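Have a look at the structure below before the remarks.
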Amino acid sequence: MSHQNKKKPSSNKTKDNKPKLPSIGFWLYALFLVVLFIILPLITISTPKEISWSHFEEELLPQRNIEKIIVVNKAIAEIYITKEALKTTKDGSETEGLFTSKTGPQYTITIGSLENFENKLENAQEKFSLDHKIDILYENRGNWIEIFSWILPFAIIIVFWLFIFGRMRGGPGAGSALFNFSKSNPRILETVGKSSVTFKDVAGLTEAKVEIMEVVDFLKNPETYTKLGAKIPKGVMLVGPPGTGKTLMAKAVAGEARVPFFSMSGSEFVEMFVGVGASRVRDLFKQAKSKAPSIIFIDEIDAVGRSRGKVNAFQANDERESTLNQLLTELDGFGPNTGVIVLAATNRPDVLDKALLRPGRFDRHIYLELPNKSEREAIFQVHMRRLKLAKDVDIKTLASLSPGFSGADIANICNEAALIAARHKKQLIEQCDFMEARDRVIGGLERKSKIISPKEKKIIAYHEAGHALVSWHLEHVDALVKVSIIPRGKSLGSTWYLPEERQIVTKSQFADQICASLGGRAAEELIFNEVSSGALDDLEKVTKQAYTMIAYYGLDKTIGPLSYYDSVGDYERLLGKPYSEHTAKLIDNKVQNLIKENYKRTFDLLEKHKDELEKLAEMLLQKEVVYQEDLELIMGKRFKEAMTVSK
């Protein structure tokens, strides 16, 4: 399942693809900031030079260039120099700014007593026999600088809060979220061409596409169905494992329906504030109804749709539960033919509330399974459209060698193959690049530089040879493709199989798989008379498989046809196991006996073919990677022919 990535139109452009200009308010705030931080420091007021009375009497009065004196508030005397004297001297005000006054005053004197100052000035004029008396004026002034310094901080705070409240009243931008957190903010696709994905980009999923296309047809031609008395489905639930194309299918619906498409994730409804989730659900459905016919898509609905009996059962009022209740109410709240269809996607249908899944809310449940061989081939073709491929690329072989892969896994393989080819400076992507990419996705990156001692390498070689030999001689084990002792990911060696696409597994198939998993540990014991910790992953897998056989599938005669599998999650509320201690002990004994019996069977098989085991281990130590044709040279033809895979 694929779609071609195309650049989505930017959200800050209008329908005519022209940039959206900021509002007038934005420019006013910007102008205010410019004035505050740039122009204001340049606006300085001339600062007169403060002098003492002795300096005034000894320096200024003898020069006879004082024009006038202004006494301000009976505390400060401002001294003004004549214009002729200013032209001939550079002494004057200390600072010059953008709007500095050129007329003065040039000096100031702090006077203690006005009467004393007048007497001293009169005596000084008589002392120097001045031709004319200096004019003395009196003024009462307010200190505007101090007033402005008090007003400015409050003005800044007021302007800031006006800006914040203006944004919170619902204006565009992130600031509106402060008061609009209860409003839903879905991604809306309303016009043709907004979604680049169509049903042509969705490979496989033939049956699912038929049902989804019928839903799209409901919206396009509702009269075709309503005239017969049919009701348009209210909801469609997309269920499937991760990577199978649920979200991609919804994007294809958005591209094909040509109706308003509202997309939200389930986690976007839940907030830390009580009641926000329910409010957002109401707002989302209100928007959808106003633009009907329309589609609502809720991705990962299990974030809000979990069963109310399993989540926070001891809390009386839970935010997620109130959001779910509101969602259930909205799904029942509109008529059958209002033209609003709800799509939802989840990979965990077992945890969803039963009230959410019932008909009348989600009328259709569409299950998206992992693709089969033909569907994987179609998915490979979709993802290879944009790749430059060599002639040796065989899509059928790649589809056969990727059982159990989802559409996302196949997309990852194609991308990794392109990266590998580019890393090796190739002009085209070859088949070997895809094979290496497949191994990279499954097992991880090769670590050829990892230092392994010769003794450990020998143990690893016999371990992997044991897996391969047991798999080769047992009929119900998957076909063997290759064996490697090159460290990859967390593993020190690996045995690669080609799994069959089975729908059911028999008891004999289970037993053979357990033997194949125990082959490595049995080979170590046979050759070295001791075992190592390298079989940890094998033992974990075998133990889980044995418990599954006995406790889930009822494949043991003593336990009987009983299953303790919890498909609906009812056992999660139980503090203990859903069976008695006697049954638990019996299950444990049966699991131990089953694993011991198959281990003995594996050991006997390896002992019978010990010479083949040694030859295969020696070949692994020499080549590090052994393919199917090499295995045939040592052990002969297998029970059933496996697909020949080129190196």
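Residue numbering restarts at 1 in every chain; chains get A, B, ... in the order shown in the structure tokens, and ligands count up from 1 in that same order.
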
>> as a list in words, please: the residues near segment 391-406 of chain A (cut-off 7 Å, only C-alpha atoms, same-chain neighbours under 6 positions excluded).
In response: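 These residues fall inside the cut-off: Gly243, Thr244, Leu370, Pro371, Lys373, Arg376, Glu377, Phe380, Glu430, Gln431, Leu498, Pro499 and Glu501 of chain A.
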
Keeping only N, CA, C and O atoms, write the selected residues as a tab-separated table (two decimals), in the first residue's frame.
chain	number	residue	atom	x	y	z
A	243	GLY	N	0.59	-0.98	9.92
A	243	GLY	CA	1.24	-0.96	8.61
A	243	GLY	C	0.44	-1.56	7.49
A	243	GLY	O	0.94	-1.67	6.37
A	244	THR	N	-0.82	-1.94	7.74
A	244	THR	CA	-1.61	-2.57	6.68
A	244	THR	C	-2.35	-1.56	5.81
A	244	THR	O	-2.98	-1.96	4.83
A	370	LEU	N	-2.89	-8.76	6.71
A	370	LEU	CA	-1.58	-8.70	6.06
A	370	LEU	C	-1.71	-9.23	4.63
A	370	LEU	O	-2.44	-10.19	4.38
A	371	PRO	N	-1.04	-8.63	3.68
A	371	PRO	CA	-1.23	-8.99	2.26
A	371	PRO	C	-0.70	-10.39	1.95
A	371	PRO	O	0.30	-10.84	2.53
A	373	LYS	N	0.56	-13.20	-1.23
A	373	LYS	CA	1.66	-13.09	-2.20
A	373	LYS	C	1.30	-12.18	-3.36
A	373	LYS	O	2.08	-11.30	-3.74
A	376	ARG	N	1.20	-8.61	-2.18
A	376	ARG	CA	2.54	-8.07	-1.95
A	376	ARG	C	3.21	-7.71	-3.27
A	376	ARG	O	3.95	-6.72	-3.37
A	377	GLU	N	2.94	-8.49	-4.29
A	377	GLU	CA	3.50	-8.18	-5.61
A	377	GLU	C	2.97	-6.84	-6.11
A	377	GLU	O	3.72	-6.02	-6.66
A	380	PHE	N	4.65	-4.04	-4.13
A	380	PHE	CA	6.00	-3.79	-4.63
A	380	PHE	C	5.96	-2.94	-5.90
A	380	PHE	O	6.77	-2.03	-6.08
A	430	GLU	N	19.65	-3.06	-8.03
A	430	GLU	CA	19.68	-4.44	-8.48
A	430	GLU	C	18.96	-5.36	-7.49
A	430	GLU	O	18.59	-4.96	-6.38
A	431	GLN	N	18.78	-6.62	-7.92
A	431	GLN	CA	18.09	-7.61	-7.08
A	431	GLN	C	18.84	-7.84	-5.77
A	431	GLN	O	18.22	-7.98	-4.71
A	498	LEU	N	11.88	-19.52	4.84
A	498	LEU	CA	10.84	-18.99	3.97
A	498	LEU	C	9.50	-19.49	4.50
A	498	LEU	O	9.06	-20.60	4.16
A	499	PRO	N	8.84	-18.74	5.37
A	499	PRO	CA	7.62	-19.24	6.01
A	499	PRO	C	6.49	-19.47	5.02
A	499	PRO	O	6.31	-18.72	4.05
A	501	GLU	N	2.53	-19.60	4.10
A	501	GLU	CA	1.38	-18.79	4.51
A	501	GLU	C	0.26	-19.72	4.95
A	501	GLU	O	-0.65	-20.04	4.19

Within 10 Å of segment 531-535 of chain A, which residues of segment 423-483 of chain A show up? Give each one with its shortest atom-to-atom distance in Å (one decimal) and the two atoms involved, counting only C-alpha atoms, rows by chain then rising residue number, as a Markdown table.
| residue | atom | partner | partner_atom | distance |
| --- | --- | --- | --- | --- |
| A:Glu456 | CA | A:Ser532 | CA | 9.9 |
| A:Ile459 | CA | A:Ser532 | CA | 8.6 |
| A:Ile460 | CA | A:Gly534 | CA | 8.0 |
| A:His463 | CA | A:Gly534 | CA | 8.3 |

>> Counting only C-alpha atoms, which residue out of A:Ile341, A:Ile156, A:Ile134, A:Leu633 sits closest to Lys234 of chain A?
In response: A:Ile341

>> Between atom CA of Glu612 of chain A and atom CA of Ile634 of chain A, what distance in Å does the model show, to one decimal?
In response: 6.4 Å

> Of the residues A:Asp478, A:Glu256, A:Glu629, A:Asp299, which is the one nearest to Phe269 of chain A, using only C-alpha atoms?
Replying inline: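 Ranking A:Asp478, A:Glu256, A:Glu629, A:Asp299 by distance to Phe269 of chain A, first place goes to A:Asp299.
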
>> Under the rule that only C-alpha atoms are counted, which of A:Lys286, A:Val342, A:Ser263, A:Glu58 is the nearest residue to Val236 of chain A?
In response: A:Val342

> Contacts of Val470 of chain A at 8 Å or less, counting only C-alpha atoms, minus same-chain residues fewer than 6 places along, as JSON, numbers by chain?
Replying inline: {"A": [515, 516, 519, 602, 605, 606]}

Just to be explicit: take each residue in the selection above, keep N, CA, C and O atoms, and write the result as a PDB file, in the first residue's frame.
ATOM      1  N   CYS A 515      11.395 -28.398  17.718  1.00  0.00           N
ATOM      2  CA  CYS A 515      12.659 -29.117  17.507  1.00  0.00           C
ATOM      3  C   CYS A 515      13.661 -28.255  16.745  1.00  0.00           C
ATOM      4  O   CYS A 515      14.861 -28.238  17.069  1.00  0.00           O
ATOM      5  N   ALA A 516      13.193 -27.534  15.721  1.00  0.00           N
ATOM      6  CA  ALA A 516      14.092 -26.677  14.953  1.00  0.00           C
ATOM      7  C   ALA A 516      14.683 -25.571  15.824  1.00  0.00           C
ATOM      8  O   ALA A 516      15.852 -25.207  15.683  1.00  0.00           O
ATOM      9  N   GLY A 519      17.454 -26.950  18.034  1.00  0.00           N
ATOM     10  CA  GLY A 519      18.579 -27.571  17.339  1.00  0.00           C
ATOM     11  C   GLY A 519      19.918 -26.970  17.693  1.00  0.00           C
ATOM     12  O   GLY A 519      20.930 -27.686  17.798  1.00  0.00           O
ATOM     13  N   THR A 602      15.313 -34.012  19.115  1.00  0.00           N
ATOM     14  CA  THR A 602      16.273 -33.190  18.366  1.00  0.00           C
ATOM     15  C   THR A 602      17.694 -33.705  18.549  1.00  0.00           C
ATOM     16  O   THR A 602      18.469 -33.805  17.585  1.00  0.00           O
ATOM     17  N   LEU A 605      18.298 -36.839  16.542  1.00  0.00           N
ATOM     18  CA  LEU A 605      18.418 -36.557  15.111  1.00  0.00           C
ATOM     19  C   LEU A 605      19.801 -36.013  14.775  1.00  0.00           C
ATOM     20  O   LEU A 605      20.417 -36.399  13.760  1.00  0.00           O
ATOM     21  N   LEU A 606      20.327 -35.119  15.606  1.00  0.00           N
ATOM     22  CA  LEU A 606      21.664 -34.568  15.376  1.00  0.00           C
ATOM     23  C   LEU A 606      22.745 -35.640  15.544  1.00  0.00           C
ATOM     24  O   LEU A 606      23.735 -35.664  14.802  1.00  0.00           O
TER      25      LEU A 606
END

> Near segment 345-355 of chain A, counting only C-alpha atoms, which residues have an atom at most 7 Å away, once you skip same-chain residues fewer than 6 positions from it, shown as a PyMOL selection string?
Replying inline: chain A and resi 237-242+246+298-302+305-308+568

> What's the 12 Å shell around Ala390 of chain A, counting only C-alpha atoms, without same-chain residues fewer than 4 positions away, as a list in words?
Replying inline: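 Counting only the stated atoms, we get Met384, Asp394, Ile395, Ala417, Ala418, Ala421, Lys426, Gln427, Leu428, Ile429, Glu430, Gln431, Cys432, Asp433 and Phe434 of chain A.
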
>> Which residues are near Lys541 of chain A? Cut-off 12 Å, only C-alpha atoms, ignore same chain within fewer than 2 positions. Put them as a ChimeraX atom specification.
In response: /A:510,513-518,535-539,543-548,595

> If you run DSSP on the backbone, which residues of segment 528-643 of chain A are helix (DSSP H, G or I), as a count of residues only?
Replying inline: 75

> Which is closer to Gln509 of chain A than all the others in A:Thr247, A:Ser471, A:Thr495, A:Gln287, using only C-alpha atoms?
Replying inline: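 Of the candidates, the smallest distance to Gln509 of chain A is held by A:Ser471.
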
> Please, what distance in Å, to one decimal, runs between atom CA of Glu369 of chain A and atom CA of Lys209 of chain A?
Replying inline: 12.6 Å

> Quick one, how far is atom CA of Leu368 of chain A from atom CA of Leu228 of chain A?
Replying inline: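 Computed distance, atom CA of Leu368 of chain A to atom CA of Leu228 of chain A, equals 29.8 Å.
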